[in-house]
Every structure is written in C-alpha cells, then in structure tokens.
$ cat structure15.txt   # compact mmCIF, C-alpha atoms and all ligand atoms
# COMPACT_ATOMS: atom_id res chain seq x y z
CA SER A 12 15.85 -4.69 14.25
CA LYS A 13 12.57 -6.22 13.14
CA VAL A 14 12.35 -3.73 10.23
CA ALA A 15 15.82 -4.73 9.00
CA GLU A 16 15.00 -8.42 9.33
CA LEU A 17 11.72 -8.14 7.37
CA ALA A 18 13.24 -5.79 4.77
CA ASN A 19 16.06 -8.30 4.23
CA ALA A 20 13.56 -11.12 3.76
CA VAL A 21 11.73 -9.14 1.05
CA VAL A 22 14.92 -8.12 -0.78
CA SER A 23 16.27 -11.70 -0.75
CA ASN A 24 13.12 -13.36 -2.08
CA ALA A 25 13.42 -13.31 -5.88
CA ASP A 26 10.10 -15.09 -6.50
CA GLN A 27 8.23 -12.63 -4.31
CA LYS A 28 9.89 -9.68 -6.01
CA ASP A 29 8.80 -11.02 -9.41
CA LEU A 30 5.22 -11.21 -8.17
CA LEU A 31 5.40 -7.69 -6.72
CA ARG A 32 6.82 -6.23 -9.94
CA MET A 33 4.44 -8.10 -12.22
CA SER A 34 1.37 -7.14 -10.21
CA TRP A 35 2.60 -3.56 -9.81
CA GLY A 36 2.90 -3.40 -13.59
CA VAL A 37 -0.84 -4.12 -13.76
CA LEU A 38 -1.89 -1.89 -10.83
CA SER A 39 0.15 1.07 -12.05
CA VAL A 40 -1.40 1.19 -15.53
CA ASP A 41 -4.07 3.40 -13.95
CA MET A 42 -2.43 4.99 -10.89
CA GLU A 43 -5.40 7.18 -10.03
CA GLY A 44 -8.11 4.60 -10.65
CA THR A 45 -6.28 1.91 -8.71
CA GLY A 46 -5.63 4.30 -5.81
CA LEU A 47 -9.31 5.24 -5.67
CA MET A 48 -10.28 1.56 -5.81
CA LEU A 49 -7.88 0.70 -2.98
CA MET A 50 -9.24 3.50 -0.78
CA ALA A 51 -12.86 2.57 -1.55
CA ASN A 52 -12.08 -1.04 -0.59
CA LEU A 53 -10.42 0.14 2.64
CA PHE A 54 -13.45 2.25 3.61
CA LYS A 55 -15.80 -0.65 2.80
CA THR A 56 -13.93 -3.25 4.86
CA SER A 57 -12.65 -1.09 7.72
CA PRO A 58 -15.00 1.47 9.30
CA SER A 59 -12.31 2.29 11.88
CA ALA A 60 -9.88 3.27 9.13
CA LYS A 61 -12.61 5.49 7.67
CA GLY A 62 -12.68 7.44 10.93
CA LYS A 63 -8.98 8.29 10.54
CA PHE A 64 -9.59 9.99 7.21
CA ALA A 65 -12.03 12.63 8.50
CA ARG A 66 -10.03 15.34 6.71
CA LEU A 67 -11.10 13.93 3.37
CA GLY A 68 -14.80 14.59 4.07
CA ASP A 69 -17.45 12.57 2.22
CA VAL A 70 -15.46 9.71 0.73
CA SER A 71 -18.54 8.14 -0.88
CA ALA A 72 -18.21 10.75 -3.66
CA GLY A 73 -15.15 8.86 -5.02
CA LYS A 74 -13.24 10.72 -7.72
CA ASP A 75 -15.50 13.76 -7.34
CA ASN A 76 -14.04 14.31 -3.88
CA SER A 77 -10.84 16.19 -4.76
CA LYS A 78 -9.24 15.51 -1.36
CA LEU A 79 -9.80 11.78 -1.71
CA ARG A 80 -8.58 11.98 -5.29
CA GLY A 81 -5.36 13.73 -4.23
CA HIS A 82 -4.78 11.20 -1.47
CA SER A 83 -5.39 8.25 -3.80
CA ILE A 84 -2.89 9.50 -6.36
CA THR A 85 -0.12 10.24 -3.83
CA LEU A 86 -0.67 6.90 -2.06
CA MET A 87 0.10 5.11 -5.34
CA TYR A 88 3.32 7.07 -5.82
CA ALA A 89 4.26 6.06 -2.27
CA LEU A 90 3.86 2.41 -3.27
CA GLN A 91 6.03 3.08 -6.32
CA ASN A 92 8.86 4.01 -3.92
CA PHE A 93 8.66 0.57 -2.29
CA VAL A 94 8.66 -1.26 -5.62
CA ASP A 95 11.66 0.79 -6.78
CA ALA A 96 13.61 -0.22 -3.63
CA LEU A 97 13.18 -4.00 -3.82
CA ASP A 98 16.81 -4.70 -4.73
CA ASP A 99 18.42 -2.54 -2.06
CA VAL A 100 17.70 -3.19 1.61
CA GLU A 101 19.05 0.17 2.85
CA ARG A 102 16.88 1.97 0.32
CA LEU A 103 13.82 -0.09 1.27
CA LYS A 104 14.37 0.63 4.97
CA CYS A 105 14.75 4.37 4.47
CA VAL A 106 11.60 4.75 2.36
CA VAL A 107 9.64 2.55 4.77
CA GLU A 108 10.78 4.70 7.69
CA LYS A 109 9.84 7.86 5.85
CA PHE A 110 6.25 6.63 5.34
CA ALA A 111 6.13 5.32 8.90
CA VAL A 112 6.60 8.88 10.18
CA ASN A 113 3.53 10.11 8.24
CA HIS A 114 1.45 7.39 9.91
CA ILE A 115 2.93 7.62 13.41
CA ASN A 116 1.99 11.32 13.30
CA ARG A 117 -1.60 10.25 12.55
CA GLN A 118 -1.60 7.62 15.30
CA ILE A 119 -2.01 4.68 12.94
CA SER A 120 -1.01 1.48 14.75
CA ALA A 121 0.68 -1.51 13.12
CA ASP A 122 -2.62 -3.42 13.31
CA GLU A 123 -4.53 -0.58 11.68
CA PHE A 124 -1.93 -0.29 8.94
CA GLY A 125 -2.26 -4.04 8.34
CA GLU A 126 -5.93 -3.49 7.50
CA ILE A 127 -4.76 -2.50 4.02
CA VAL A 128 -4.00 -6.13 3.08
CA GLY A 129 -7.63 -7.21 2.57
CA PRO A 130 -8.44 -4.15 0.40
CA LEU A 131 -5.18 -4.73 -1.50
CA ARG A 132 -6.22 -8.32 -2.13
CA GLN A 133 -9.59 -7.17 -3.53
CA THR A 134 -7.86 -4.59 -5.70
CA LEU A 135 -5.37 -7.15 -7.06
CA LYS A 136 -8.23 -9.51 -7.78
CA ALA A 137 -10.20 -6.87 -9.69
CA ARG A 138 -7.19 -5.69 -11.69
CA MET A 139 -5.40 -8.99 -12.43
CA GLY A 140 -8.30 -11.23 -13.40
CA ASN A 141 -6.97 -14.68 -14.35
CA TYR A 142 -3.45 -13.71 -13.27
CA PHE A 143 -4.56 -13.15 -9.67
CA ASP A 144 -3.25 -15.59 -7.07
CA GLU A 145 -2.76 -15.77 -3.31
CA ASP A 146 1.06 -15.82 -3.63
CA THR A 147 0.83 -12.30 -5.00
CA VAL A 148 -1.25 -11.26 -2.00
CA SER A 149 1.37 -12.82 0.32
CA ALA A 150 4.12 -10.92 -1.44
CA TRP A 151 2.31 -7.62 -0.83
CA ALA A 152 1.58 -8.62 2.78
CA SER A 153 5.35 -9.15 3.29
CA LEU A 154 6.01 -5.64 2.07
CA VAL A 155 3.23 -4.20 4.26
CA ALA A 156 4.75 -6.11 7.21
CA VAL A 157 7.98 -4.13 6.84
CA VAL A 158 6.01 -0.91 7.31
CA GLN A 159 4.04 -2.42 10.20
CA ALA A 160 7.31 -3.28 11.98
CA SER A 161 8.27 0.39 11.83
CA LEU A 162 5.02 1.62 13.46
C1 LIG A 201 -0.49 0.69 1.20
C2 LIG A 201 -0.47 1.25 2.38
C3 LIG A 201 -0.40 2.73 2.59
C4 LIG A 201 0.35 3.65 1.95
C5 LIG A 201 1.35 3.43 0.82
C6 LIG A 201 0.02 4.93 2.53
C7 LIG A 201 0.56 6.14 2.12
C8 LIG A 201 0.20 7.37 2.60
C9 LIG A 201 0.70 8.63 2.13
C10 LIG A 201 1.69 8.82 0.99
C11 LIG A 201 0.11 9.59 2.86
C12 LIG A 201 0.32 11.10 2.73
C13 LIG A 201 1.43 11.49 3.65
C14 LIG A 201 1.14 12.75 4.40
O1 LIG A 201 0.24 13.51 4.03
O2 LIG A 201 1.81 13.00 5.43
C15 LIG A 201 -0.75 8.96 3.81
C16 LIG A 201 -1.54 9.64 4.72
C17 LIG A 201 -2.40 9.01 5.59
N1 LIG A 201 -2.53 7.67 5.80
FE1 LIG A 201 -1.67 6.21 4.74
N2 LIG A 201 -0.91 4.75 3.52
C18 LIG A 201 -1.21 3.43 3.58
C19 LIG A 201 -2.08 2.83 4.47
C20 LIG A 201 -2.81 3.47 5.42
C21 LIG A 201 -3.76 2.85 6.31
C22 LIG A 201 -4.09 1.35 6.31
C23 LIG A 201 -4.28 3.82 7.09
C24 LIG A 201 -5.31 3.74 8.19
C25 LIG A 201 -5.81 2.68 8.71
C26 LIG A 201 -3.66 5.05 6.71
C27 LIG A 201 -3.93 6.28 7.25
C28 LIG A 201 -3.49 7.48 6.76
C29 LIG A 201 -4.01 8.78 7.20
C30 LIG A 201 -5.10 9.01 8.21
C31 LIG A 201 -3.33 9.74 6.44
C32 LIG A 201 -3.56 11.24 6.44
C33 LIG A 201 -4.60 11.55 5.37
C34 LIG A 201 -4.83 13.03 5.20
O3 LIG A 201 -5.51 13.61 6.04
O4 LIG A 201 -4.33 13.59 4.23
N3 LIG A 201 -2.78 4.81 5.69
N4 LIG A 201 -0.69 7.60 3.64
$ encode --input "structure15.txt" --output "structure tokens"
Amino acid sequence: SKVAELANAVVSNADQKDLLRMSWGVLSVDMEGTGLMLMANLFKTSPSAKGKFARLGDVSAGKDNSKLRGHSITLMYALQNFVDALDDVERLKCVVEKFAVNHINRQISADEFGEIVGPLRQTLKARMGNYFDEDTVSAWASLVAVVQASL
C-alpha cells in the first residue's frame, strides 16, 4: 500500500530521522506553547481548516480558550507518537492509522491534512532560529505524507 511504501521511506532515511528528532527536541521543550503556535499558524494560513474546528469556538483567544488549549496539547502528544515510531515501520503504520481514523471521522481530506505543512514550517522557523533549514521542513512533510496516504 501507499501508506506502507511512504512509512518505509521515512523509517529507512537516517538523515531525515536525525532532522525530525533534532527539531522535535526543540519543538517539544514547550509542548503547549508550540501546539498553540502551530494551531494559530494553521488558522492564519488556512481559513478552510478554521471552519473544521467550529467546536473550539473563538480561536483568536489563544491560550485563554480552554478548548483550543486542550486540543493544542493533545495534538503535540500525537506528534510524539510519530517521533517515537521512527525506527519501526509497523509501529509507525499503526499510529498513523489510528490518527487517520480521528480525521476521517471529521471528513478531513488528504489535501486538507497537508495544509499543516506550511504552519509547521513557520513554527519550525520561529522555534529553531539559526538551526532552521528547508531539509527539516521536508522531513516533516514526509511524515505528514504518510498520514495523508491513509486519508
Ligand atoms: C500535525 C498534524 C495533525 C495532528 C498530529 C493532528 C492530531 C489530532 C488529534 C490528536 C486530534 C484529537 C483526536 C480526537 O479528538 O478524535 C485531532 C482532532 C482534529 N483534527 Fe487534527 N491533527 C493534525 C492536523 C489536522 C489538520 C491539518 C486538520 C484540518 C485541516 C485537522 C482537523 C482536526 C479536527 C477538525 C479535529 C477535531 C477537533 C475537535 O473538535 O476536538 N487536524 N487532530
């Protein structure tokens, strides 16, 4: 399957995995703050994505919106599952498929899910400063592509 093929490509690319782990080390210093930043970037760049998160109410309130805050925190722990699975293709596939279900239930298409890459790029740039580079963005895009293939 396409998911298996893309998951294999991620697990076999040692350079990409180094970039993912190094950048995750930076992003995960402040799980909540980074999650809120990622969501704010998504809402800024993708009005259509904003429409999907109606349950969260007024997302412009940031951290003061407890529903947005809860979502931002749990989204980061979801990403942690992917980073923890980078050496084991079966593990990566099963966590990807678990998160795919949550999004299929919400009618998020592969294209819509892919809208996270731009916001992720902005978040990496803000958090990594001089250590930011486009190879790191590509590494994250490869991981996102595994999820997209499952949608
Ligand atoms: C880095 C990529 C993403 C990760 C790790 C992620 C993770 C999650 C997690 C853990 C949940 C909660 C699961 C649940 O309540 O069933 C969730 C819910 C959701 N996700 Fe994602 N997501 C990502 C990207 C996106 C994108 C790009 C969209 C839309 C364009 C999206 C739309 C949604 C919606 C609408 C919900 C339900 C929110 C709610 O009402 O609580 N997600 N996501």
$ closest_residue --input "structure15.txt" --among "A:Glu123, A:Asp144, A:Val106, A:Glu43" --to "Arg80 of chain A" --atoms "all atoms listed in the file"
A:Glu43
$ closest_residue --input "structure15.txt" --among "A:Ser77, A:Ser153, A:Thr134, A:Asn141" --to "Asn52 of chain A" --atoms "all atoms listed in the file"
A:Thr134
$ closest_residue --input "structure15.txt" --among "A:Ala121, A:Lys63, A:Val157, A:Gln91" --to "ligand LIG 201 (chain A)" --atoms "all atoms listed in the file"
A:Lys63
$ closest_residue --input "structure15.txt" --among "A:Thr85, A:Gln133, A:Ser12, A:Ser23" --to "ligand LIG 201 (chain A)" --atoms "only C-alpha atoms and all ligand atoms"
A:Thr85
$ residues_near_ligand --input "structure15.txt" --ligand "ligand LIG 201 (chain A)" --cutoff "6 Å" --atoms "only C-alpha atoms and all ligand atoms" --output "list in words"
Ala60, Lys63, Phe64, Arg66, Thr85, Leu86, Ala89, Leu90, Asn113, His114, Arg117, Ile119, Glu123, Phe124, Glu126 and Ile127 of chain A
$ closest_residue --input "structure15.txt" --among "A:Asp69, A:Glu108, A:Asp75, A:Asp98" --to "Val21 of chain A" --atoms "all atoms listed in the file"
A:Asp98
$ atom_distance --input "structure15.txt" --atom1 "atom CA of Leu103 of chain A" --atom2 "atom CA of Gly125 of chain A"
18.0 Å
$ closest_residue --input "structure15.txt" --among "A:Ala160, A:Gly62, A:Leu30, A:Glu101" --to "Leu135 of chain A" --atoms "only C-alpha atoms"
A:Leu30
$ atom_distance --input "structure15.txt" --atom1 "atom CA of His82 of chain A" --atom2 "atom CA of Gly46 of chain A"
8.2 Å
$ atom_distance --input "structure15.txt" --atom1 "atom CA of Asn116 of chain A" --atom2 "atom CA of Ala18 of chain A"
22.2 Å
$ residues_around --input "structure15.txt" --residues "Ser83 of chain A" --least-positions-apart "4" --cutoff "12 Å" --atoms "all atoms listed in the file" --output "list in words"
Asp41, Met42, Glu43, Gly44, Thr45, Gly46, Leu47, Met48, Leu49, Met50, Ala51, Asn52, Leu53, Phe64, Leu67, Val70, Gly73, Lys74, Asn76, Ser77, Lys78, Leu79, Met87, Tyr88, Ala89 and Leu90 of chain A
$ residues_around --input "structure15.txt" --residues "Val94 of chain A" --least-positions-apart "2" --cutoff "8 Å" --atoms "only C-alpha atoms" --output "ChimeraX atom specification"
/A:31-32,35,90-92,96-97
